[in-house]
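Everything on this sheet refers to the single structure shown next.
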Amino acid sequence: MPNGFELLQSLINGLGVGLVYGLIAIGFCVIYNASGIVNFAQGVFVMLGGMFAHTLLTRLGLPMLAAAVISIVLVAMVGVLVQVLVINPMWQRKAPLFAIILATLAVQLLIEQIVILTLGDQPRTYPEFTLGGPLKLGPIAIGYQLFWILGCGAVMVVALQLFFNRTRVGRALRACSQNREAAALLGIPVASMLMLSFALSAALGAAAGILITPTQYTAYSVDGPFGINGFIAAIIGGFGSAPAALVGGTLLGVVQAGAIVFFGAGYKNVVALTILLIVLLFFPNGLFGGWGKRV
Amino acid sequence: MALLEVRGLTKRFDGLVANSDIDLDVPEGSLFAVIGPNGAGKTTFFNMISGFLQPTSGTIAFAGVQITNLRQDRIAAMGLVRTFQLVQLFGGMSVAENVEVGCHLATKGGIGAALVRPPWFRHQEADVRAKALELLDFVGLGVQAEQEATLLPYGQQRLLEVARALAAKPRLLLLDEPAAGLNAHETEVLADIIQRVNRQNITVILIEHDVALVTRIAHRIAVLDFGRKITEGTPDEIKRHPEVIAAYLGTEEAAHA
Amino acid sequence: MTLRAIISTKLGAYGYFAIALAVAIALLFAWVFFKGGYLLTVLQLAMIYGVFCVGLNFFMGYTGQASFGQNAFAAIGGYGSAILTVQYGWEPILALVVSMAVAGVAAVVVGYPTLRLRGHYLAMATFALGLITYDVSVQWTDLTQGYMGYSGIPPLGIGPFTVEDDKLKLVCLAVILALGVWVSSRLRHSRFGRALRAISSTELGAAALGIRVSRYKLLAFIIAALYASAAGSLFAHTVGFISPEVFGLQMVVVTFTMLYVGGIGTVLGPAIGAVIASLLPEVVRSTGRFQDIAYAAVLILMLIFVPKGLSTLASIGRRRPIKAGAEG
């Protein structure tokens, strides 16, 4: 039986991972709310964020901030490409829902393989943004990266809220999510809005990947788990608001961390997927019911 | 005893009352109509009777058996079959196949029979095809049997839905606005079909907008407005009823009448 | 009746296309049979994937539901066969049948709650099932031997007769696939199949005609699981080796590609798709990585430009003309 400190330590570790799941979940929601599509390839953006940042750091020797910003921009461009080349043509042809889901899965496989061919299949990581640490509180150690995740996560969520509520473009995007036909009639360029939603979503995913990589590792294959866990977080949060998604992610991360203590690391995805099935079957509107639906 | 007995049927959606305390008796063999302006709660009423919506309170009895809260397919299996205001044809299937699906309740046999194809099953399949053609002839779609169903003109789609419902051998047929979107000629054809169906001793309840059609063919009419049944009677009584005139023509004219 | 008349009444306007395709596939078989070697293995796997796809077609094609987790049932079949034959020395045939039964029961247990979901939720829930199975097959090393997998799985056979020769294996697998297609055809053209196809179009309309929608969905799911399990077992007995990777995400994407290439919802489409999509990487003639890229790229292009696959060119699963049936 693990002692209390061990458990507490893993829960704190789970908090960081959970916040990252939350950021990915927000990415899911941004696309879903704009287009009604669940992009199963969301994890790809997380993976690419970490891989690009690593490449820029190690091969080009860029400073962390520059590497992060360039990576985010590059991944956002990948997001736009996916939308323009794959999603939009299908959407225009009114392809059935599961065909689009399937296409996003195929995109994931395709990008994974391209990454293997160009960047290799070996796992890699880079140092935390602030060296030193961890912060010791008695037997509990808190890595500095957790504070970066907390801080950046908070900044991004606040920025998103401001964007959606205070800017013209943000409000136009919200209008699209409520009623695409009406938005089009109002002169909002719906097609550009969908591109924007993919760019935004990809950027969020990339940021999440860049933030989490120092605490674990990145490789071509991390997209699957991150995508799924982000989706689970979105489901827990009810696919509505950014804060609900963030709370959903945090819950998932913490529960998963607890599960690792009790069942071992190998079963962490099994636990997460089981949570997904339970939420899907018993709380189809998310754990927060009605209020989660409102943006 | 009436074939369909509805008592105190009420449906609320989030505080909005769609149906309020409706009582209705539909005698066996009758051609009954439910009319009312848009938003009067007619389709909600139908959806509850056919099991597609759960009532908030009240009871529905069909042929003396309680069917309140039963599943749609169980209700259909008892002989209460409906059509839809928005046609629900099976795309990717031919006109004849649509009617063949309608024979589901009147036939039997699952996976085992489909694999082994014993003689009775082959006979049944042949009967199903013959029955489908017969019903298509009945509604005047015999020529189109092999066409893709969803490519039919709208009026014919409605007739196909009626034929398909008849294949289920209903005791009570619920028709949800069958004349919506039909032109005058198509409406005539439909009225004739409904009357012929009724003469085969199938009880019919018809939701309709077209008051002229209803008062011409229905034996008895109930009027809904704002979710309540305001009156019920023979077509002549309904035509003279002040509240009906008010509901349909607006209160101003009613005051003059 | 002349041959020509038979073709046109039995298969309609697409008769010649179907015949051409059948001849092409027969020639291919003959050629591979004569030439032997690596292509034999490719076609063996095509037959096995074909069995999987014909089953998946019940749920996705006929019934119009999405399952992204059918690989879970293939894993049950594969591991069931491997464990029962290698660890307990069972007869392969018996192991195959018992594994199918286990997969069927699993499909009931899993499908009963899950199939209430729709759209994205159903897709994700089934996807989760596949991933859970993958993780369990990696982690539960006592049962599955983890990444190592099982090797030395005996070939199929009855009593003293075992199918060891590669050519004979291919013939057996082709016969099994043909049987699977025959079952699919019989079920499609029946009261059962009509109910499934009605559900795929409108559940409301189907329910109003007395079709028990949830029951039929579950039945289609179970049938798909039985086929998938059989395919998993056949893989184990044909290749002699299985590991978690065999039943991973790749399997989902590959089988979907086959389903779309051949034509989802038709009788022969899934089998034809399995053959074509299996040969595809051989045409590209490259190694592993490019093969996956080719699959993914072809799938995406198909989904965009020909979403119904070759069925738009040849809907071979069409019903007979109505006159023929009405006479009987």
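Residue numbering restarts at 1 for every chain of the structure tokens, chains are lettered A, B, ... in their displayed order, and ligands are numbered from 1 as they appear.
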Shell around Glu164 of chain C at 12 Å using only C-alpha atoms, local window under 4 positions removed, as a ChimeraX atom specification: /C:153-158,160,168-172,237-240
Write out the residues from the selection above, keeping N, CA and C atoms, as a PDB file, in the first residue's frame.
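Wrote it out as again.pdb, contents follow:
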```pdb
ATOM      1  N   ILE C 153       2.416 -20.922 -33.100  1.00  0.00           N
ATOM      2  CA  ILE C 153       1.003 -21.302 -33.086  1.00  0.00           C
ATOM      3  C   ILE C 153       0.782 -22.312 -34.224  1.00  0.00           C
ATOM      4  N   PRO C 154       0.167 -23.444 -33.931  1.00  0.00           N
ATOM      5  CA  PRO C 154       0.031 -24.487 -34.960  1.00  0.00           C
ATOM      6  C   PRO C 154      -0.922 -24.058 -36.065  1.00  0.00           C
ATOM      7  N   PRO C 155      -0.721 -24.596 -37.280  1.00  0.00           N
ATOM      8  CA  PRO C 155      -1.626 -24.272 -38.388  1.00  0.00           C
ATOM      9  C   PRO C 155      -2.982 -24.949 -38.222  1.00  0.00           C
ATOM     10  N   LEU C 156      -3.946 -24.467 -38.995  1.00  0.00           N
ATOM     11  CA  LEU C 156      -5.284 -25.056 -38.949  1.00  0.00           C
ATOM     12  C   LEU C 156      -5.255 -26.508 -39.401  1.00  0.00           C
ATOM     13  N   GLY C 157      -6.253 -27.254 -39.000  1.00  0.00           N
ATOM     14  CA  GLY C 157      -6.331 -28.628 -39.436  1.00  0.00           C
ATOM     15  C   GLY C 157      -7.431 -29.353 -38.708  1.00  0.00           C
ATOM     16  N   ILE C 158      -7.736 -30.537 -39.218  1.00  0.00           N
ATOM     17  CA  ILE C 158      -8.711 -31.378 -38.535  1.00  0.00           C
ATOM     18  C   ILE C 158      -8.032 -32.701 -38.252  1.00  0.00           C
ATOM     19  N   PRO C 160      -5.565 -35.454 -37.862  1.00  0.00           N
ATOM     20  CA  PRO C 160      -4.182 -35.606 -38.338  1.00  0.00           C
ATOM     21  C   PRO C 160      -3.887 -34.719 -39.548  1.00  0.00           C
ATOM     22  N   LEU C 168      -2.078 -24.491 -50.105  1.00  0.00           N
ATOM     23  CA  LEU C 168      -3.274 -25.089 -49.522  1.00  0.00           C
ATOM     24  C   LEU C 168      -3.905 -24.117 -48.517  1.00  0.00           C
ATOM     25  N   LYS C 169      -3.043 -23.440 -47.758  1.00  0.00           N
ATOM     26  CA  LYS C 169      -3.541 -22.434 -46.802  1.00  0.00           C
ATOM     27  C   LYS C 169      -4.385 -21.399 -47.528  1.00  0.00           C
ATOM     28  N   LEU C 170      -3.834 -20.922 -48.657  1.00  0.00           N
ATOM     29  CA  LEU C 170      -4.539 -19.885 -49.407  1.00  0.00           C
ATOM     30  C   LEU C 170      -5.895 -20.398 -49.879  1.00  0.00           C
ATOM     31  N   VAL C 171      -5.930 -21.622 -50.362  1.00  0.00           N
ATOM     32  CA  VAL C 171      -7.198 -22.177 -50.834  1.00  0.00           C
ATOM     33  C   VAL C 171      -8.195 -22.262 -49.682  1.00  0.00           C
ATOM     34  N   CYS C 172      -7.733 -22.771 -48.541  1.00  0.00           N
ATOM     35  CA  CYS C 172      -8.631 -22.889 -47.380  1.00  0.00           C
ATOM     36  C   CYS C 172      -9.173 -21.524 -46.980  1.00  0.00           C
ATOM     37  N   HIS C 237      -3.274 -18.727 -36.805  1.00  0.00           N
ATOM     38  CA  HIS C 237      -2.958 -20.060 -37.312  1.00  0.00           C
ATOM     39  C   HIS C 237      -2.240 -20.015 -38.650  1.00  0.00           C
ATOM     40  N   THR C 238      -2.443 -18.942 -39.409  1.00  0.00           N
ATOM     41  CA  THR C 238      -1.791 -18.842 -40.713  1.00  0.00           C
ATOM     42  C   THR C 238      -0.353 -18.363 -40.584  1.00  0.00           C
ATOM     43  N   VAL C 239      -0.173 -17.281 -39.803  1.00  0.00           N
ATOM     44  CA  VAL C 239       1.160 -16.701 -39.673  1.00  0.00           C
ATOM     45  C   VAL C 239       1.968 -17.433 -38.606  1.00  0.00           C
ATOM     46  N   GLY C 240       1.267 -17.962 -37.599  1.00  0.00           N
ATOM     47  CA  GLY C 240       1.959 -18.690 -36.539  1.00  0.00           C
ATOM     48  C   GLY C 240       2.492 -17.787 -35.450  1.00  0.00           C
TER      49      GLY C 240
END
```
Hey, what's within 7 Å of Gly110 of chain B if we count only C-alpha atoms and toss same-chain stuff fewer than 3 positions away? As a PDB file with C-alpha atoms, in the first residue's frame, please?
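Generated file (result-v9.pdb):
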```
ATOM      1  CA  ALA B 113     -34.091 -18.773 -41.245  1.00  0.00           C
ATOM      2  CA  ALA B 114     -32.251 -16.367 -43.552  1.00  0.00           C
TER       3      ALA B 114
ATOM      4  CA  PHE C 192     -33.117  -9.500 -41.125  1.00  0.00           C
TER       5      PHE C 192
END
```
Smallest atom-to-atom distance to chain C: which of A:Val279, A:Leu204, A:Ile149, A:Leu81, using only C-alpha atoms? A:Val279
Determine, using only C-alpha atoms, which residues of chain A have any atom at most 10 Å from an atom of chain C, and tabulate each with its shortest atom pair and distance in Å to one decimal place, rows ordered by chain and then rising number, as a Markdown table.
```
| residue | atom | partner | partner_atom | distance |
| --- | --- | --- | --- | --- |
| A:Gly36 | CA | C:His120 | CA | 9.8 |
| A:Ile37 | CA | C:His120 | CA | 8.5 |
| A:Val38 | CA | C:His120 | CA | 7.1 |
| A:Phe40 | CA | C:Met124 | CA | 8.9 |
| A:Leu85 | CA | C:Ile304 | CA | 9.6 |
| A:Val86 | CA | C:Ile300 | CA | 7.3 |
| A:Ile87 | CA | C:Ile304 | CA | 8.7 |
| A:Asn88 | CA | C:Ile304 | CA | 9.4 |
| A:Pro89 | CA | C:Ile304 | CA | 6.5 |
| A:Met90 | CA | C:Ile304 | CA | 5.3 |
| A:Trp91 | CA | C:Ile304 | CA | 9.0 |
| A:Gln92 | CA | C:Ile304 | CA | 9.7 |
| A:Arg93 | CA | C:Ile304 | CA | 7.9 |
| A:Lys94 | CA | C:Ile304 | CA | 10.0 |
| A:Ala95 | CA | C:Pro307 | CA | 7.5 |
| A:Pro96 | CA | C:Pro307 | CA | 8.9 |
| A:Leu97 | CA | C:Gly119 | CA | 7.1 |
| A:Phe98 | CA | C:Ala66 | CA | 6.4 |
| A:Ala99 | CA | C:Leu303 | CA | 6.5 |
| A:Ile100 | CA | C:Leu303 | CA | 7.9 |
| A:Ile101 | CA | C:His120 | CA | 8.1 |
| A:Leu102 | CA | C:Val253 | CA | 7.8 |
| A:Ala103 | CA | C:Ile300 | CA | 5.5 |
| A:Thr104 | CA | C:Ile300 | CA | 8.5 |
| A:Leu105 | CA | C:Val253 | CA | 7.6 |
| A:Ala106 | CA | C:Ala296 | CA | 5.0 |
| A:Val107 | CA | C:Ala296 | CA | 6.9 |
| A:Gln108 | CA | C:Ala296 | CA | 8.7 |
| A:Leu109 | CA | C:Ala296 | CA | 6.5 |
| A:Leu110 | CA | C:Ile293 | CA | 5.3 |
| A:Ile111 | CA | C:Ile293 | CA | 8.5 |
| A:Glu112 | CA | C:Ile293 | CA | 9.0 |
| A:Gln113 | CA | C:Arg289 | CA | 6.3 |
| A:Ile114 | CA | C:Ile293 | CA | 7.7 |
| A:Ile116 | CA | C:Arg289 | CA | 8.3 |
| A:Leu117 | CA | C:Arg289 | CA | 7.7 |
| A:Gly224 | CA | C:Leu249 | CA | 9.4 |
| A:Pro225 | CA | C:Leu131 | CA | 9.4 |
| A:Ile228 | CA | C:Ala128 | CA | 8.2 |
| A:Phe231 | CA | C:Met124 | CA | 8.7 |
| A:Ile232 | CA | C:Met124 | CA | 9.2 |
| A:Ile235 | CA | C:Tyr121 | CA | 9.1 |
| A:Gly264 | CA | C:Gln139 | CA | 9.8 |
| A:Ala265 | CA | C:Gln139 | CA | 9.6 |
| A:Gly266 | CA | C:Gln139 | CA | 6.0 |
| A:Tyr267 | CA | C:Asp135 | CA | 7.2 |
| A:Lys268 | CA | C:Asp135 | CA | 9.2 |
| A:Asn269 | CA | C:Ile132 | CA | 7.3 |
| A:Val270 | CA | C:Ile132 | CA | 5.2 |
| A:Val271 | CA | C:Ile132 | CA | 8.7 |
| A:Ala272 | CA | C:Ile132 | CA | 9.3 |
| A:Leu273 | CA | C:Ala128 | CA | 5.8 |
| A:Thr274 | CA | C:Ala128 | CA | 8.1 |
| A:Leu276 | CA | C:Ala125 | CA | 7.5 |
| A:Leu277 | CA | C:Ala125 | CA | 6.1 |
| A:Ile278 | CA | C:Ala125 | CA | 9.7 |
| A:Leu280 | CA | C:Tyr121 | CA | 7.0 |
| A:Leu281 | CA | C:Thr114 | CA | 7.1 |
| A:Phe282 | CA | C:Pro113 | CA | 9.8 |
| A:Pro284 | CA | C:Tyr121 | CA | 8.6 |
```
Give me the chain C side of the contact with chain B, cut-off 7 Å, one line per residue showing its nearest atom pair and distance in Å at one decimal, counting only C-alpha atoms, sorted by chain and residue number, as a tab-separated table.
```
residue	atom	partner	partner_atom	distance
C:Val183	CA	B:Leu115	CA	6.6
C:Arg186	CA	B:Leu115	CA	5.8
C:Leu187	CA	B:Ala114	CA	5.6
C:Ser190	CA	B:Ala114	CA	5.8
C:Arg191	CA	B:His104	CA	6.8
C:Phe192	CA	B:Gly110	CA	5.6
C:Arg194	CA	B:Val101	CA	6.0
C:Ala195	CA	B:Val101	CA	6.4
C:Ala198	CA	B:Phe90	CA	5.6
C:Ser201	CA	B:Phe90	CA	5.2
C:Thr202	CA	B:Gln88	CA	6.4
C:Gly205	CA	B:Gln88	CA	5.2
C:Ala207	CA	B:Asp73	CA	5.1
C:Ala208	CA	B:Asp73	CA	6.1
C:Leu209	CA	B:Gly102	CA	5.9
C:Gly210	CA	B:Asp73	CA	3.9
C:Ile211	CA	B:Asp73	CA	5.7
C:Arg212	CA	B:Asp73	CA	5.8
C:Gly325	CA	B:Ala126	CA	6.1
C:Ala326	CA	B:Ala126	CA	5.7
C:Gly328	CA	B:Ala126	CA	5.9
```
Which neighbours of segment 186-192 of chain A fall inside 10 Å, counting only C-alpha atoms, when residues of the same chain fewer than 6 positions from it are skipped, and could you give them as a PDB file with N, CA and C atoms, in the first residue's frame?
```
ATOM      1  N   ALA A  34     -16.940  25.232 -33.625  1.00  0.00           N
ATOM      2  CA  ALA A  34     -17.002  25.987 -34.874  1.00  0.00           C
ATOM      3  C   ALA A  34     -17.578  25.165 -36.018  1.00  0.00           C
ATOM      4  N   SER A  35     -17.351  23.841 -35.993  1.00  0.00           N
ATOM      5  CA  SER A  35     -17.675  23.050 -37.186  1.00  0.00           C
ATOM      6  C   SER A  35     -18.530  21.826 -36.921  1.00  0.00           C
ATOM      7  N   VAL A  80      -3.985  24.359 -40.253  1.00  0.00           N
ATOM      8  CA  VAL A  80      -4.700  24.966 -41.380  1.00  0.00           C
ATOM      9  C   VAL A  80      -4.630  24.053 -42.603  1.00  0.00           C
ATOM     10  N   GLN A  83      -7.051  21.267 -42.334  1.00  0.00           N
ATOM     11  CA  GLN A  83      -8.409  21.737 -42.579  1.00  0.00           C
ATOM     12  C   GLN A  83      -8.654  21.957 -44.077  1.00  0.00           C
ATOM     13  N   VAL A  84      -7.690  22.612 -44.717  1.00  0.00           N
ATOM     14  CA  VAL A  84      -7.896  22.976 -46.123  1.00  0.00           C
ATOM     15  C   VAL A  84      -7.841  21.760 -47.038  1.00  0.00           C
ATOM     16  N   ASN A  88     -12.005  20.301 -45.115  1.00  0.00           N
ATOM     17  CA  ASN A  88     -12.899  21.167 -45.879  1.00  0.00           C
ATOM     18  C   ASN A  88     -13.499  20.487 -47.120  1.00  0.00           C
ATOM     19  N   VAL A 169     -13.354  39.126 -34.108  1.00  0.00           N
ATOM     20  CA  VAL A 169     -13.123  37.813 -34.710  1.00  0.00           C
ATOM     21  C   VAL A 169     -13.608  36.718 -33.762  1.00  0.00           C
ATOM     22  N   ALA A 172     -17.250  36.523 -33.833  1.00  0.00           N
ATOM     23  CA  ALA A 172     -17.702  35.926 -35.098  1.00  0.00           C
ATOM     24  C   ALA A 172     -17.582  34.398 -35.024  1.00  0.00           C
ATOM     25  N   LEU A 173     -16.476  33.926 -34.432  1.00  0.00           N
ATOM     26  CA  LEU A 173     -16.266  32.485 -34.288  1.00  0.00           C
ATOM     27  C   LEU A 173     -17.368  31.875 -33.425  1.00  0.00           C
ATOM     28  N   ALA A 175     -20.326  33.075 -33.072  1.00  0.00           N
ATOM     29  CA  ALA A 175     -21.572  33.112 -33.844  1.00  0.00           C
ATOM     30  C   ALA A 175     -21.665  31.884 -34.751  1.00  0.00           C
ATOM     31  N   CYS A 176     -20.512  31.521 -35.347  1.00  0.00           N
ATOM     32  CA  CYS A 176     -20.481  30.334 -36.209  1.00  0.00           C
ATOM     33  C   CYS A 176     -20.881  29.095 -35.423  1.00  0.00           C
ATOM     34  N   SER A 177     -20.398  29.015 -34.188  1.00  0.00           N
ATOM     35  CA  SER A 177     -20.670  27.813 -33.412  1.00  0.00           C
ATOM     36  C   SER A 177     -22.148  27.715 -33.069  1.00  0.00           C
ATOM     37  N   ARG A 180     -24.389  28.325 -38.050  1.00  0.00           N
ATOM     38  CA  ARG A 180     -23.524  28.629 -39.186  1.00  0.00           C
ATOM     39  C   ARG A 180     -24.273  29.374 -40.293  1.00  0.00           C
ATOM     40  N   PHE A 198      -9.116  25.730 -36.670  1.00  0.00           N
ATOM     41  CA  PHE A 198      -8.077  24.691 -36.720  1.00  0.00           C
ATOM     42  C   PHE A 198      -6.728  25.272 -36.319  1.00  0.00           C
TER      43      PHE A 198
END
```
